[in-house]
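Here is the file work-v2.csv (CSV, N, CA and C atoms).
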chain,number,residue,atom,x,y,z
A,650,MET,N,14.5,-5.9,-4.8
A,650,MET,CA,13.1,-6.0,-4.6
A,650,MET,C,12.6,-7.2,-5.3
A,651,ALA,N,11.6,-7.8,-4.7
A,651,ALA,CA,11.0,-9.0,-5.3
A,651,ALA,C,10.1,-8.6,-6.4
A,652,THR,N,9.4,-9.6,-7.0
A,652,THR,CA,8.5,-9.4,-8.1
A,652,THR,C,7.2,-8.8,-7.5
A,653,LYS,N,6.4,-8.2,-8.4
A,653,LYS,CA,5.1,-7.6,-8.0
A,653,LYS,C,4.2,-8.7,-7.3
A,654,GLU,N,4.2,-9.9,-7.8
A,654,GLU,CA,3.4,-10.9,-7.2
A,654,GLU,C,3.9,-11.3,-5.8
A,655,GLN,N,5.2,-11.4,-5.6
A,655,GLN,CA,5.7,-11.7,-4.3
A,655,GLN,C,5.4,-10.6,-3.3
A,656,VAL,N,5.6,-9.3,-3.8
A,656,VAL,CA,5.3,-8.2,-2.9
A,656,VAL,C,3.8,-8.2,-2.5
A,657,SER,N,3.0,-8.3,-3.5
A,657,SER,CA,1.5,-8.4,-3.3
A,657,SER,C,1.1,-9.4,-2.3
A,658,ASN,N,1.7,-10.6,-2.4
A,658,ASN,CA,1.4,-11.7,-1.5
A,658,ASN,C,1.8,-11.4,-0.1
A,659,GLU,N,2.9,-10.7,0.1
A,659,GLU,CA,3.4,-10.3,1.4
A,659,GLU,C,2.4,-9.2,2.0
A,660,LEU,N,1.9,-8.3,1.2
A,660,LEU,CA,1.0,-7.3,1.6
A,660,LEU,C,-0.4,-7.9,2.0
A,661,VAL,N,-0.8,-8.9,1.3
A,661,VAL,CA,-2.0,-9.6,1.7
A,661,VAL,C,-1.9,-10.3,3.0
A,662,LYS,N,-0.7,-10.8,3.3
A,662,LYS,CA,-0.5,-11.5,4.6
A,662,LYS,C,-0.5,-10.5,5.7
A,663,MET,N,-0.3,-9.2,5.4
A,663,MET,CA,-0.4,-8.1,6.4
A,663,MET,C,-1.8,-7.7,6.6
A,664,GLY,N,-2.7,-8.1,5.8
A,664,GLY,CA,-4.1,-7.8,6.0
A,664,GLY,C,-4.7,-6.9,4.9
A,665,PHE,N,-3.9,-6.4,3.9
A,665,PHE,CA,-4.4,-5.6,2.9
A,665,PHE,C,-5.2,-6.4,1.9
A,666,SER,N,-6.2,-5.7,1.3
A,666,SER,CA,-7.0,-6.4,0.3
A,666,SER,C,-6.2,-6.7,-0.9
A,667,ASP,N,-6.7,-7.6,-1.8
A,667,ASP,CA,-6.0,-8.0,-3.0
A,667,ASP,C,-5.8,-6.7,-3.9
A,668,SER,N,-6.9,-5.9,-4.0
A,668,SER,CA,-6.8,-4.7,-4.9
A,668,SER,C,-5.8,-3.7,-4.4
A,669,ASP,N,-5.8,-3.5,-3.1
A,669,ASP,CA,-4.8,-2.6,-2.5
A,669,ASP,C,-3.4,-3.1,-2.6
A,670,SER,N,-3.2,-4.4,-2.4
A,670,SER,CA,-1.9,-5.1,-2.5
A,670,SER,C,-1.4,-5.0,-3.9
A,671,GLU,N,-2.2,-5.3,-4.9
A,671,GLU,CA,-1.7,-5.3,-6.2
A,671,GLU,C,-1.3,-3.9,-6.6
A,672,ALA,N,-2.1,-2.8,-6.3
A,672,ALA,CA,-1.7,-1.5,-6.6
A,672,ALA,C,-0.4,-1.1,-5.9
A,673,LEU,N,-0.3,-1.4,-4.6
A,673,LEU,CA,0.9,-1.0,-3.8
A,673,LEU,C,2.1,-1.7,-4.4
A,674,ALA,N,2.0,-3.0,-4.7
A,674,ALA,CA,3.1,-3.8,-5.3
A,674,ALA,C,3.6,-3.2,-6.6
A,675,ASP,N,2.7,-2.8,-7.4
A,675,ASP,CA,3.1,-2.2,-8.7
A,675,ASP,C,3.9,-0.9,-8.4
A,676,CYS,N,3.4,-0.1,-7.5
A,676,CYS,CA,4.1,1.2,-7.2
A,676,CYS,C,5.5,0.9,-6.6
A,677,MET,N,5.6,-0.1,-5.7
A,677,MET,CA,6.8,-0.4,-5.0
A,677,MET,C,7.9,-1.0,-6.0
A,678,VAL,N,7.4,-1.8,-6.9
A,678,VAL,CA,8.4,-2.5,-7.8
A,678,VAL,C,8.8,-1.6,-9.0
A,679,THR,N,7.8,-0.8,-9.5
A,679,THR,CA,8.1,0.0,-10.7
A,679,THR,C,8.5,1.4,-10.4
A,680,GLY,N,8.1,1.9,-9.1
A,680,GLY,CA,8.4,3.3,-8.8
A,680,GLY,C,7.3,4.2,-9.3
A,681,ASN,N,6.2,3.7,-9.8
A,681,ASN,CA,5.1,4.5,-10.3
A,681,ASN,C,4.4,5.2,-9.1
A,682,SER,N,3.7,6.3,-9.4
A,682,SER,CA,2.8,7.0,-8.5
A,682,SER,C,1.4,6.6,-8.9
A,683,LEU,N,0.5,6.5,-7.8
A,683,LEU,CA,-0.8,6.2,-8.1
A,683,LEU,C,-1.7,6.6,-6.9
A,684,SER,N,-2.9,7.0,-7.2
A,684,SER,CA,-3.9,7.3,-6.2
A,684,SER,C,-5.2,6.5,-6.5
A,685,TRP,N,-5.9,6.1,-5.5
A,685,TRP,CA,-7.2,5.4,-5.6
A,685,TRP,C,-8.0,5.6,-4.4
A,686,VAL,N,-9.3,5.3,-4.5
A,686,VAL,CA,-10.2,5.3,-3.4
A,686,VAL,C,-10.9,4.0,-3.3
A,687,ASN,N,-11.1,3.4,-2.1
A,687,ASN,CA,-11.9,2.2,-2.0
A,687,ASN,C,-12.4,2.1,-0.5
A,688,SER,N,-13.2,1.1,-0.3
A,688,SER,CA,-13.7,0.9,1.1
A,688,SER,C,-13.1,-0.2,1.8
A,689,ASP,N,-12.0,-0.8,1.3
A,689,ASP,CA,-11.4,-1.9,2.0
A,689,ASP,C,-10.7,-1.4,3.2
A,690,PRO,N,-11.0,-2.0,4.4
A,690,PRO,CA,-10.5,-1.4,5.7
A,690,PRO,C,-8.9,-1.4,5.8
A,691,VAL,N,-8.5,-0.4,6.4
A,691,VAL,CA,-7.0,-0.2,6.7
A,691,VAL,C,-6.9,0.2,8.1
A,692,THR,N,-6.0,-0.4,8.9
A,692,THR,CA,-5.8,-0.1,10.3
A,692,THR,C,-4.4,0.6,10.5
A,693,ASP,N,-4.2,1.2,11.6
A,693,ASP,CA,-2.9,1.8,11.9
A,693,ASP,C,-1.9,0.7,12.0
A,694,GLU,N,-2.2,-0.5,12.5
A,694,GLU,CA,-1.2,-1.6,12.6
A,694,GLU,C,-0.8,-2.0,11.2
A,695,MET,N,-1.7,-2.1,10.2
A,695,MET,CA,-1.4,-2.5,8.9
A,695,MET,C,-0.5,-1.4,8.3
A,696,LEU,N,-0.7,-0.2,8.5
A,696,LEU,CA,0.1,0.9,7.9
A,696,LEU,C,1.5,0.9,8.5
A,697,GLU,N,1.6,0.5,9.8
A,697,GLU,CA,2.9,0.4,10.5
A,697,GLU,C,3.7,-0.7,9.9
A,698,LEU,N,3.0,-1.9,9.6
A,698,LEU,CA,3.7,-3.0,9.0
A,698,LEU,C,4.1,-2.6,7.6
A,699,LEU,N,3.3,-1.9,6.8
A,699,LEU,CA,3.6,-1.5,5.5
A,699,LEU,C,4.8,-0.6,5.5
A,700,ASN,N,4.9,0.4,6.4
A,700,ASN,CA,6.0,1.3,6.4
A,700,ASN,C,7.3,0.6,6.8
A,701,LYS,N,7.3,-0.4,7.7
A,701,LYS,CA,8.4,-1.2,8.0
A,701,LYS,C,8.9,-2.0,6.7
A,702,PHE,N,7.9,-2.6,6.0
A,702,PHE,CA,8.2,-3.4,4.8
A,702,PHE,C,8.8,-2.5,3.8
A,703,ILE,N,8.3,-1.3,3.6
A,703,ILE,CA,8.9,-0.3,2.6
A,703,ILE,C,10.4,0.0,3.0
A,704,GLU,N,10.6,0.2,4.3
A,704,GLU,CA,11.9,0.6,4.8
A,704,GLU,C,12.9,-0.6,4.6
A,705,VAL,N,12.5,-1.8,5.0
A,705,VAL,CA,13.4,-3.0,4.9
A,705,VAL,C,13.7,-3.3,3.5
A,706,ASN,N,12.8,-3.1,2.6
A,706,ASN,CA,13.0,-3.4,1.2
A,706,ASN,C,13.5,-2.3,0.3
A,707,ASN,N,13.8,-1.1,1.0
A,707,ASN,CA,14.3,0.0,0.3
A,707,ASN,C,13.4,0.5,-0.9
A,708,ALA,N,12.1,0.3,-0.7
A,708,ALA,CA,11.2,0.8,-1.8
A,708,ALA,C,11.2,2.3,-1.8
A,709,GLU,N,11.3,2.8,-3.0
A,709,GLU,CA,11.4,4.3,-3.2
A,709,GLU,C,10.0,4.9,-3.3
A,710,VAL,N,9.1,4.6,-2.4
A,710,VAL,CA,7.7,5.1,-2.4
A,710,VAL,C,7.4,5.7,-1.0
A,711,GLN,N,6.4,6.6,-1.1
A,711,GLN,CA,5.9,7.2,0.2
A,711,GLN,C,4.4,7.0,0.1
A,712,VAL,N,3.8,6.4,1.1
A,712,VAL,CA,2.4,6.1,1.1
A,712,VAL,C,1.6,7.0,2.1
A,713,ASN,N,0.5,7.5,1.7
A,713,ASN,CA,-0.4,8.3,2.5
A,713,ASN,C,-1.8,7.7,2.3
A,714,VAL,N,-2.4,7.4,3.4
A,714,VAL,CA,-3.8,6.9,3.4
A,714,VAL,C,-4.6,7.8,4.3
A,715,GLU,N,-5.7,8.3,3.7
A,715,GLU,CA,-6.6,9.2,4.5
A,715,GLU,C,-8.0,8.5,4.5
A,716,GLU,N,-8.5,8.4,5.8
A,716,GLU,CA,-9.8,7.8,5.9
A,716,GLU,C,-10.9,8.9,5.8
A,717,LEU,N,-11.9,8.6,5.0
A,717,LEU,CA,-13.0,9.5,4.9
A,717,LEU,C,-14.1,8.8,5.7
A,718,ALA,N,-14.1,9.1,7.0
A,718,ALA,CA,-14.9,8.4,8.0
A,718,ALA,C,-16.4,8.5,7.7
A,719,THR,N,-16.8,9.6,7.2
A,719,THR,CA,-18.3,9.8,7.0
A,719,THR,C,-18.7,9.0,5.8
A,720,ARG,N,-17.8,8.5,4.9
A,720,ARG,CA,-18.2,7.8,3.8
A,720,ARG,C,-17.7,6.3,3.8
A,721,GLY,N,-16.9,6.0,4.8
A,721,GLY,CA,-16.4,4.6,5.0
A,721,GLY,C,-15.4,4.3,3.9
A,722,LYS,N,-14.7,5.2,3.4
A,722,LYS,CA,-13.8,5.0,2.3
A,722,LYS,C,-12.4,5.5,2.7
A,723,TYR,N,-11.4,5.0,1.9
A,723,TYR,CA,-10.0,5.4,2.2
A,723,TYR,C,-9.4,5.9,0.9
A,724,VAL,N,-8.7,7.0,1.0
A,724,VAL,CA,-8.0,7.6,-0.2
A,724,VAL,C,-6.5,7.3,0.0
A,725,TRP,N,-6.0,6.6,-1.1
A,725,TRP,CA,-4.6,6.2,-1.1
A,725,TRP,C,-3.8,7.1,-2.0
A,726,LYS,N,-2.7,7.5,-1.6
A,726,LYS,CA,-1.8,8.3,-2.5
A,726,LYS,C,-0.4,7.7,-2.3
A,727,VAL,N,0.1,7.1,-3.4
A,727,VAL,CA,1.5,6.5,-3.3
A,727,VAL,C,2.3,7.3,-4.3
A,728,ARG,N,3.4,7.8,-3.8
A,728,ARG,CA,4.3,8.6,-4.6
A,728,ARG,C,5.7,8.1,-4.5
A,729,LYS,N,6.5,8.3,-5.6
A,729,LYS,CA,7.9,8.0,-5.6
A,729,LYS,C,8.6,9.0,-4.7
A,730,LYS,N,9.6,8.5,-3.9
A,730,LYS,CA,10.3,9.4,-3.0
A,730,LYS,C,11.3,10.3,-3.8
Show me this structure written as structure tokens.
Amino acid sequence: MATKEQVSNELVKMGFSDSDSEALADCMVTGNSLSWVNSDPVTDEMLELLNKFIEVNNAEVQVNVEELATRGKYVWKVRKK
């Protein structure tokens, strides 16, 4: 696995915000679990790219993003597999 900065940069290229990318990169590189809520947009296409990235890089994390449509927010849950 690459460094946190390298992973974060790749995630930004996929369209994820800087804050989401940094949190995801930390979890993917260190294997930590983390949950957060924010309003940065997330699309199905972005999540598809993320899942492929996780698979290709053998990251030991599972990502779940739930949209709170009535509030315009997203709940992120990243857990170690």
- Long-range neighbours of Val712 in chain A as a ChimeraX atom specification, 6 Å cut-off, all atoms listed in the file, 3 positions minimum in chain: /A:726-728
- Item | Selected residue, from A:Trp725, A:Asp669, A:Leu698, A:Lys730, that lies nearest to Trp685 in chain A when counting all atoms listed in the file | A:Trp725
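Rounded to one decimal, CA of Glu659 in chain A and atom C of Ala708 in chain A lie 15.2 Å from each other.
Across the model, the gap from atom N of Ser657 in chain A to atom N of Val691 in chain A is 17.1 Å.
Running DSSP on the backbone and keeping only strand (DSSP E), the residues of chain A that qualify are Leu683, Ser684, Trp685, Val686, Asn687, Val710, Gln711, Val712, Asn713, Val714, Glu715, Glu716, Leu717, Lys722, Tyr723, Val724, Trp725, Lys726, Val727, Arg728 and Lys729 of chain A.
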- Could you please write out, as a PyMOL selection string, every residue of chain A that DSSP assigns to alpha helix (DSSP H)? chain A and resi 653-662+667-679+693-705
- Message: Nearest residue to Glu697 in chain A out of A:Leu660, A:Thr679, A:Glu709, A:Ala672, using only C-alpha atoms?
- Response: A:Leu660
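Residues lying within 8 Å of range 704-706 of chain A, counting all atoms listed in the file and ignoring same-chain neighbours fewer than 4 positions away, are Met650, Ala651, Leu698, Leu699 and Asn700 of chain A.
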Requested write-out: N, CA and C atoms of the selected residues, as a short mmCIF file (atom, residue, chain, number, x, y, z; two decimals), keeping the file's coordinate frame:
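So result_33.cif came out as:
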data_model
loop_
_atom_site.label_atom_id
_atom_site.label_comp_id
_atom_site.auth_asym_id
_atom_site.auth_seq_id
_atom_site.Cartn_x
_atom_site.Cartn_y
_atom_site.Cartn_z
N MET A 650 14.50 -5.90 -4.80
CA MET A 650 13.10 -6.00 -4.60
C MET A 650 12.60 -7.20 -5.30
N ALA A 651 11.60 -7.80 -4.70
CA ALA A 651 11.00 -9.00 -5.30
C ALA A 651 10.10 -8.60 -6.40
N LEU A 698 3.00 -1.90 9.60
CA LEU A 698 3.70 -3.00 9.00
C LEU A 698 4.10 -2.60 7.60
N LEU A 699 3.30 -1.90 6.80
CA LEU A 699 3.60 -1.50 5.50
C LEU A 699 4.80 -0.60 5.50
N ASN A 700 4.90 0.40 6.40
CA ASN A 700 6.00 1.30 6.40
C ASN A 700 7.30 0.60 6.80
#
